[in-house]
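Chemist: Got a structure for you, data_14.tsv, holding TSV, C-alpha atoms and all ligand atoms.
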chain	number	residue	atom	x	y	z
D	1	MET	CA	-37.86	4.66	87.79
D	2	LEU	CA	-35.61	4.32	84.77
D	3	ALA	CA	-33.72	7.54	84.00
D	4	LEU	CA	-33.77	8.85	80.43
D	5	PRO	CA	-31.74	6.59	78.21
D	6	HIS	CA	-28.52	8.29	77.09
D	7	LEU	CA	-26.23	6.48	74.68
D	8	ASN	CA	-23.10	7.73	72.98
D	9	ARG	CA	-25.08	7.95	69.76
D	10	THR	CA	-28.43	9.31	68.61
D	11	LEU	CA	-31.14	6.95	69.73
D	12	VAL	CA	-33.99	5.63	67.66
D	13	MET	CA	-37.59	5.93	68.78
D	14	GLY	CA	-39.73	3.58	66.69
D	15	ILE	CA	-43.27	4.78	65.93
D	16	LEU	CA	-46.14	2.48	66.82
D	17	ASN	CA	-49.46	4.14	66.05
D	18	VAL	CA	-52.37	2.00	67.23
D	19	THR	CA	-54.79	4.14	65.28
D	20	PRO	CA	-57.06	3.80	62.27
D	21	ASP	CA	-56.17	7.27	60.93
D	22	SER	CA	-52.50	8.29	61.34
D	23	PHE	CA	-51.15	9.98	58.23
D	24	SER	CA	-48.74	7.32	57.02
D	25	ASP	CA	-49.50	4.09	58.89
D	26	GLY	CA	-53.11	4.53	60.06
D	27	GLY	CA	-54.86	1.15	60.17
D	28	ASP	CA	-51.62	-0.81	59.69
D	29	HIS	CA	-51.71	-2.11	63.28
D	30	ASP	CA	-55.01	-1.10	64.79
D	31	THR	CA	-55.68	-4.18	66.91
D	32	PRO	CA	-53.64	-4.85	70.09
D	33	GLU	CA	-52.41	-8.17	68.66
D	34	SER	CA	-51.07	-6.72	65.42
D	35	ALA	CA	-49.64	-3.72	67.27
D	36	ILE	CA	-47.78	-5.95	69.74
D	37	GLU	CA	-46.38	-8.03	66.90
D	38	TYR	CA	-45.22	-4.87	65.11
D	39	GLY	CA	-43.75	-3.41	68.31
D	40	LEU	CA	-41.73	-6.59	68.88
D	41	LYS	CA	-40.46	-6.27	65.31
D	42	LEU	CA	-39.36	-2.67	65.97
D	43	LEU	CA	-37.47	-3.86	69.08
D	44	ASP	CA	-35.91	-6.64	67.06
D	45	GLU	CA	-34.74	-4.12	64.47
D	46	GLY	CA	-33.00	-2.12	67.20
D	47	ALA	CA	-35.50	0.47	68.42
D	48	ASP	CA	-34.11	2.02	71.61
D	49	ILE	CA	-37.61	3.17	72.52
D	50	VAL	CA	-41.00	2.22	71.08
D	51	ASP	CA	-43.42	5.16	71.07
D	52	VAL	CA	-46.97	3.85	71.44
D	53	GLY	CA	-49.78	6.22	70.51
D	54	GLY	CA	-53.56	5.80	70.37
D	55	GLU	CA	-54.50	9.18	68.88
D	56	SER	CA	-53.69	10.44	65.41
D	57	THR	CA	-52.32	13.98	65.36
D	58	ARG	CA	-52.44	14.47	61.61
D	59	PRO	CA	-53.91	17.85	60.60
D	60	GLY	CA	-57.68	17.77	60.85
D	61	ALA	CA	-57.88	14.54	62.89
D	62	SER	CA	-60.69	14.25	65.41
D	63	ARG	CA	-59.98	12.91	68.89
D	64	PRO	CA	-60.88	9.44	70.20
D	65	THR	CA	-62.49	9.22	73.65
D	66	VAL	CA	-60.18	8.60	76.63
D	67	ASN	CA	-61.50	5.06	76.94
D	68	VAL	CA	-60.81	4.26	73.31
D	69	GLU	CA	-57.29	5.71	73.63
D	70	LEU	CA	-56.66	3.63	76.78
D	71	GLU	CA	-57.97	0.48	75.12
D	72	ARG	CA	-55.66	1.02	72.16
D	73	VAL	CA	-52.43	1.54	74.08
D	74	LEU	CA	-52.39	-0.16	77.50
D	75	GLU	CA	-52.26	-3.80	76.46
D	76	VAL	CA	-49.58	-2.98	73.88
D	77	ILE	CA	-47.42	-1.06	76.38
D	78	ALA	CA	-47.70	-3.88	78.94
D	79	ALA	CA	-46.73	-6.55	76.39
D	80	LEU	CA	-43.73	-4.61	75.03
D	81	THR	CA	-42.54	-3.78	78.55
D	82	LYS	CA	-42.81	-7.47	79.46
D	83	ALA	CA	-40.60	-8.19	76.45
D	84	ARG	CA	-38.03	-5.79	78.02
D	85	GLY	CA	-38.70	-2.98	75.57
D	86	VAL	CA	-38.31	0.65	76.65
D	87	VAL	CA	-41.67	2.23	75.91
D	88	SER	CA	-42.93	5.79	75.65
D	89	VAL	CA	-46.56	6.79	75.38
D	90	ASP	CA	-47.57	9.38	72.79
D	91	THR	CA	-50.51	11.10	74.48
D	92	GLN	CA	-51.89	14.51	75.29
D	93	ARG	CA	-54.00	13.20	78.18
D	94	ALA	CA	-52.82	13.02	81.81
D	95	GLN	CA	-55.12	10.08	82.54
D	96	VAL	CA	-53.60	8.09	79.67
D	97	ALA	CA	-50.07	9.06	80.72
D	98	GLN	CA	-50.72	7.83	84.25
D	99	ALA	CA	-52.19	4.51	83.16
D	100	ALA	CA	-49.45	4.02	80.56
D	101	VAL	CA	-46.72	4.49	83.17
D	102	ALA	CA	-48.50	2.02	85.44
D	103	ALA	CA	-48.43	-0.40	82.49
D	104	GLY	CA	-44.67	0.10	82.04
D	105	ALA	CA	-44.01	3.25	79.96
D	106	VAL	CA	-40.98	5.24	81.15
D	107	LEU	CA	-41.43	8.34	79.03
D	108	VAL	CA	-44.44	10.54	78.25
D	109	ASN	CA	-44.33	12.03	74.77
D	110	ASP	CA	-46.88	14.84	74.70
D	111	VAL	CA	-47.09	16.60	71.34
D	112	SER	CA	-48.76	19.51	73.15
D	113	GLY	CA	-45.87	19.81	75.64
D	114	GLY	CA	-48.37	19.91	78.48
D	115	ARG	CA	-50.69	22.48	76.93
D	116	ALA	CA	-53.62	20.27	75.93
D	117	ASP	CA	-54.47	18.87	79.36
D	118	PRO	CA	-54.17	21.11	82.44
D	119	ASP	CA	-53.34	18.08	84.62
D	120	MET	CA	-50.51	16.75	82.47
D	121	LEU	CA	-47.53	18.59	83.98
D	122	SER	CA	-48.37	17.84	87.60
D	123	VAL	CA	-49.18	14.21	86.82
D	124	VAL	CA	-45.84	13.75	85.02
D	125	ALA	CA	-44.03	15.51	87.89
D	126	ASP	CA	-45.59	13.05	90.36
D	127	LEU	CA	-44.80	10.07	88.15
D	128	GLY	CA	-41.13	11.14	87.98
D	129	VAL	CA	-40.74	9.91	84.39
D	130	GLY	CA	-39.21	11.53	81.32
D	131	PHE	CA	-41.30	14.08	79.42
D	132	VAL	CA	-41.04	15.16	75.80
D	133	VAL	CA	-41.98	18.83	75.50
D	134	GLN	CA	-42.98	19.39	71.92
D	135	HIS	CA	-43.69	22.82	70.47
D	136	TRP	CA	-47.45	23.08	69.93
D	137	ARG	CA	-49.88	25.87	69.22
D	138	GLY	CA	-53.21	24.13	69.06
D	139	PRO	CA	-55.18	20.94	68.34
D	140	SER	CA	-55.03	19.01	65.08
D	141	ASP	CA	-58.21	20.54	63.68
D	142	GLN	CA	-56.76	24.06	64.07
D	143	MET	CA	-53.02	23.62	63.75
D	144	ASP	CA	-52.57	24.50	60.08
D	145	GLN	CA	-54.27	27.88	60.59
D	146	LEU	CA	-51.86	28.60	63.45
D	147	ALA	CA	-48.74	28.36	61.27
D	148	ARG	CA	-48.17	32.14	61.22
D	149	TYR	CA	-44.84	33.52	62.38
D	150	ASP	CA	-42.78	36.66	61.88
D	151	ASP	CA	-39.64	34.71	62.70
D	152	VAL	CA	-40.35	31.01	63.12
D	153	VAL	CA	-37.05	30.10	64.82
D	154	SER	CA	-37.11	32.74	67.53
D	155	GLN	CA	-40.85	32.36	68.16
D	156	VAL	CA	-40.77	28.57	68.40
D	157	ARG	CA	-37.75	28.84	70.68
D	158	ARG	CA	-39.48	31.37	72.93
D	159	GLU	CA	-42.71	29.35	73.06
D	160	LEU	CA	-40.79	26.14	73.81
D	161	ALA	CA	-38.84	27.92	76.55
D	162	ASP	CA	-42.18	28.98	78.08
D	163	GLN	CA	-43.37	25.36	77.97
D	164	VAL	CA	-40.16	24.25	79.69
D	165	ASP	CA	-40.65	26.91	82.37
D	166	LEU	CA	-44.15	25.66	83.10
D	167	ALA	CA	-42.90	22.07	83.28
D	168	LEU	CA	-40.16	23.01	85.74
D	169	ARG	CA	-42.55	25.05	87.84
D	170	ALA	CA	-44.90	22.06	87.98
D	171	GLY	CA	-42.05	20.05	89.50
D	172	ILE	CA	-40.72	18.02	86.56
D	173	ALA	CA	-36.96	17.53	87.01
D	174	GLU	CA	-34.86	19.28	84.36
D	175	ASP	CA	-33.00	16.00	83.76
D	176	ASN	CA	-36.29	14.41	82.72
D	177	LEU	CA	-37.05	16.91	79.94
D	178	ILE	CA	-36.53	16.41	76.22
D	179	LEU	CA	-37.37	19.13	73.69
D	180	ASP	CA	-38.89	18.70	70.26
D	181	PRO	CA	-39.45	21.51	67.73
D	182	GLY	CA	-42.65	19.77	66.56
D	183	LEU	CA	-42.12	19.55	62.80
D	184	GLY	CA	-45.44	19.89	60.98
D	185	PHE	CA	-47.34	21.00	64.08
D	186	SER	CA	-48.48	24.48	63.04
D	187	LYS	CA	-45.53	24.69	60.64
D	188	ASN	CA	-45.46	24.58	56.87
D	189	SER	CA	-42.60	23.10	54.85
D	190	GLU	CA	-40.52	26.25	54.74
D	191	GLN	CA	-40.91	26.72	58.48
D	192	ASN	CA	-39.88	23.10	59.15
D	193	TRP	CA	-36.70	23.57	57.10
D	194	ALA	CA	-35.92	26.80	58.95
D	195	LEU	CA	-36.20	24.96	62.28
D	196	LEU	CA	-34.04	22.07	61.07
D	197	ASN	CA	-31.42	24.52	59.87
D	198	ASN	CA	-31.33	26.25	63.24
D	199	LEU	CA	-31.43	23.41	65.74
D	200	ASP	CA	-28.68	25.05	67.76
D	201	ALA	CA	-31.26	27.64	68.88
D	202	PHE	CA	-33.15	24.81	70.61
D	203	ALA	CA	-30.05	23.01	71.88
D	204	GLU	CA	-29.19	26.26	73.70
D	205	LEU	CA	-32.23	25.71	75.90
D	206	GLY	CA	-30.14	23.05	77.60
D	207	CYS	CA	-32.16	19.84	77.12
D	208	PRO	CA	-31.67	16.88	74.79
D	209	LEU	CA	-33.44	17.20	71.43
D	210	LEU	CA	-35.83	14.78	69.78
D	211	VAL	CA	-36.78	15.30	66.12
D	212	GLY	CA	-39.77	13.73	64.39
D	213	ALA	CA	-39.34	14.17	60.64
D	214	SER	CA	-40.26	10.67	59.53
D	215	ARG	CA	-42.34	10.61	56.33
D	216	LYS	CA	-43.73	14.07	57.03
D	217	ARG	CA	-45.42	16.19	54.42
D	218	PHE	CA	-42.50	18.60	53.99
D	219	LEU	CA	-40.43	15.67	52.71
D	220	GLY	CA	-43.24	14.67	50.35
D	221	GLU	CA	-43.38	18.24	49.06
D	222	LEU	CA	-39.61	18.36	48.56
D	223	LEU	CA	-39.88	15.20	46.43
D	224	GLU	CA	-42.99	16.36	44.57
D	225	GLU	CA	-43.73	14.57	41.33
D	226	GLY	CA	-46.06	16.20	38.78
D	227	SER	CA	-47.18	18.70	41.46
D	228	GLN	CA	-48.23	15.81	43.75
D	229	PRO	CA	-46.33	15.27	47.03
D	230	ARG	CA	-44.51	11.91	47.15
D	231	PRO	CA	-46.77	9.47	49.12
D	232	PRO	CA	-45.82	8.98	52.81
D	233	LYS	CA	-44.43	5.45	52.53
D	234	GLN	CA	-42.07	6.57	49.76
D	235	ARG	CA	-40.41	9.19	51.96
D	236	ASP	CA	-38.19	6.82	53.98
D	237	ASP	CA	-34.98	7.49	52.01
D	238	ALA	CA	-35.37	11.22	52.52
D	239	THR	CA	-36.06	10.59	56.20
D	240	LEU	CA	-32.84	8.59	56.39
D	241	ALA	CA	-30.81	11.38	54.78
D	242	LEU	CA	-32.11	13.74	57.43
D	243	THR	CA	-31.30	11.26	60.20
D	244	VAL	CA	-27.67	11.17	59.08
D	245	LEU	CA	-27.47	14.96	59.30
D	246	LEU	CA	-29.26	15.03	62.64
D	247	ALA	CA	-27.00	12.33	64.08
D	248	GLU	CA	-23.98	14.33	62.93
D	249	ARG	CA	-25.38	17.32	64.78
D	250	GLY	CA	-25.72	15.19	67.91
D	251	VAL	CA	-29.46	15.15	68.52
D	252	TRP	CA	-30.53	12.88	71.37
D	253	GLY	CA	-33.11	10.99	69.32
D	254	VAL	CA	-35.05	10.62	66.09
D	255	ARG	CA	-38.66	9.44	66.02
D	256	THR	CA	-39.07	7.21	63.01
D	257	HIS	CA	-41.14	4.63	61.16
D	258	SER	CA	-38.24	2.69	59.67
D	259	VAL	CA	-36.07	1.62	62.57
D	260	ARG	CA	-33.41	-0.64	61.12
D	261	ALA	CA	-32.29	1.80	58.44
D	262	GLN	CA	-31.94	4.67	60.93
D	263	ARG	CA	-29.99	2.47	63.36
D	264	ASP	CA	-27.64	1.43	60.55
D	265	ALA	CA	-27.12	5.02	59.42
D	266	ILE	CA	-26.42	6.18	62.97
D	267	GLU	CA	-23.77	3.43	63.33
D	268	VAL	CA	-22.10	4.76	60.18
D	269	VAL	CA	-22.15	8.32	61.50
D	270	GLY	CA	-20.55	7.07	64.73
D	271	ARG	CA	-17.84	5.18	62.86
D	272	MET	CA	-17.09	8.26	60.76
D	273	GLY	CA	-16.27	10.27	63.86
D	274	GLY	CA	-19.70	10.86	65.37
D	275	SER	CA	-21.32	14.07	66.36
D	276	HIS	CA	-19.58	17.35	65.63
D	277	CYS	CA	-21.58	19.10	68.29
D	278	ALA	CA	-21.77	17.30	71.63
D	279	ALA	CA	-23.61	20.35	73.02
D	280	PHE	CA	-26.83	19.06	71.45
D	281	ARG	CA	-27.13	16.11	73.83
B	301	LIG	N1	-45.13	13.59	65.26
B	301	LIG	C1	-46.26	12.87	65.26
B	301	LIG	C2	-46.72	12.24	66.44
B	301	LIG	N2	-46.02	12.34	67.58
B	301	LIG	N3	-44.16	13.14	68.77
B	301	LIG	C3	-43.03	13.87	68.80
B	301	LIG	N4	-42.34	13.98	69.95
B	301	LIG	N5	-42.56	14.51	67.69
B	301	LIG	C4	-43.20	14.45	66.50
B	301	LIG	O1	-42.72	15.08	65.53
B	301	LIG	C5	-44.42	13.70	66.42
B	301	LIG	C6	-44.86	13.06	67.60
B	301	LIG	C7	-47.05	12.73	64.00
B	301	LIG	O2	-46.52	11.73	63.21
B	301	LIG	P1	-47.07	10.19	63.12
B	301	LIG	O3	-48.49	10.23	62.67
B	301	LIG	O4	-46.15	9.56	62.15
B	301	LIG	O5	-46.95	9.53	64.45
In structure tokens, write the structure found in this file.

Modeler:
Amino acid sequence: MLALPHLNRTLVMGILNVTPDSFSDGGDHDTPESAIEYGLKLLDEGADIVDVGGESTRPGASRPTVNVELERVLEVIAALTKARGVVSVDTQRAQVAQAAVAAGAVLVNDVSGGRADPDMLSVVADLGVGFVVQHWRGPSDQMDQLARYDDVVSQVRRELADQVDLALRAGIAEDNLILDPGLGFSKNSEQNWALLNNLDAFAELGCPLLVGASRKRFLGELLEEGSQPRPPKQRDDATLALTVLLAERGVWGVRTHSVRAQRDAIEVVGRMGGSHCAAFR
């Protein structure tokens, strides 16, 4: 099994949502054919990993059945793997993770960090693949109500540390874990900025960090025009600015919609002297 990719730069995970209802690209590639074509384009633009998901996690989204999720992702994962792409599967279901790895995925990206499906941690441990542990408090239809913290940084850190503990106890190798603060998942804008400004608290947990800021609502709210958030597809420049800062801080990866721009920016950061904080890797 392929070990986690580690490069001497921040790597780029390109987002491929094979869904009708994701917040920024829902319906853009919701047939296997159009998704494969788009995934090949992301690889061509320099995606180090393509993250294939068949379930929208936007606030309020309802869940597809397992069979629908499998139908959306498996053919796409197999085709991109055949084209020599490194593929992760964005799923909260152990059954989907297992089938996705059989189809070629080398990384399971679970936005619930193993909390949504009681079988996930043991299945990933048996598969021996990488696992993204994202901070998560509850499903999409409840997550906004769960954004209550006394101190968001210390609470998210403690809750993530608990998720890591459970993953290790289930038998997932520490080297296979990646942590993600879960921007927007039970966090409002202010809370997202607090987490971004305190990433060292998460780096101290000892695993590489992945950050998914791309086009998220907190960027739209920052760029508000006439009290309306900037629409998702007009948030790519702000996403890029954040990627530069994150690459400087040495995060392991950024999960993004616009691959080429992030790759270019990360090259520039590297040429300017690279990460100031190797401890984040
Ligand atoms: N965000 C979304 C979906 N999957 N996975 C990780 N690891 N981190 C994230 O921040 C994350 C994720 C929601 O965004 P999308 O609809 O653009 O995919």

Chemist: Have a look at D:Arg215, D:His135, D:Arg255, D:Arg58 and name the one nearest to Asp237 (chain D); count only C-alpha atoms.

Modeler: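 Selected residue with least distance to Asp237 (chain D): D:Arg215.
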
Chemist: Would you mind telling me which residue in D:Leu80, D:Met13, D:Leu183, D:Leu42 lies nearest to ligand LIG 301 (chain B) when using all atoms listed in the file?

Modeler: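 Answer, going by the shortest atom-to-atom distance: D:Leu183.
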
Chemist: Pick out the residues sitting within 9 Å of region 89-103 of chain D, and hand them over as a VMD selection string; count only C-alpha atoms, and ignore anything fewer than 6 positions along from it in its own chain.

Modeler: chain D and resid 17 50 to 55 66 to 67 69 to 70 73 to 75 77 to 79 81 109 to 124 127 129

Chemist: Return the single residue from D:Leu4, D:Val164, D:Ala247, D:Ala47 that is closest to Leu16 (chain D), with distances computed using all atoms listed in the file.

Modeler: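 For Leu16 (chain D), the nearest of the candidates is D:Ala47.
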
Chemist: As a PyMOL selection string, please: the residues near Gln228 (chain D) (cut-off 12 Å, all atoms listed in the file, same-chain neighbours under 5 positions excluded).

Modeler: chain D and resi 217+219-223

Chemist: Provide the CA of Thr19 (chain D) to CA of Glu33 (chain D) distance in Å, to one decimal place.

Modeler: 13.0 Å
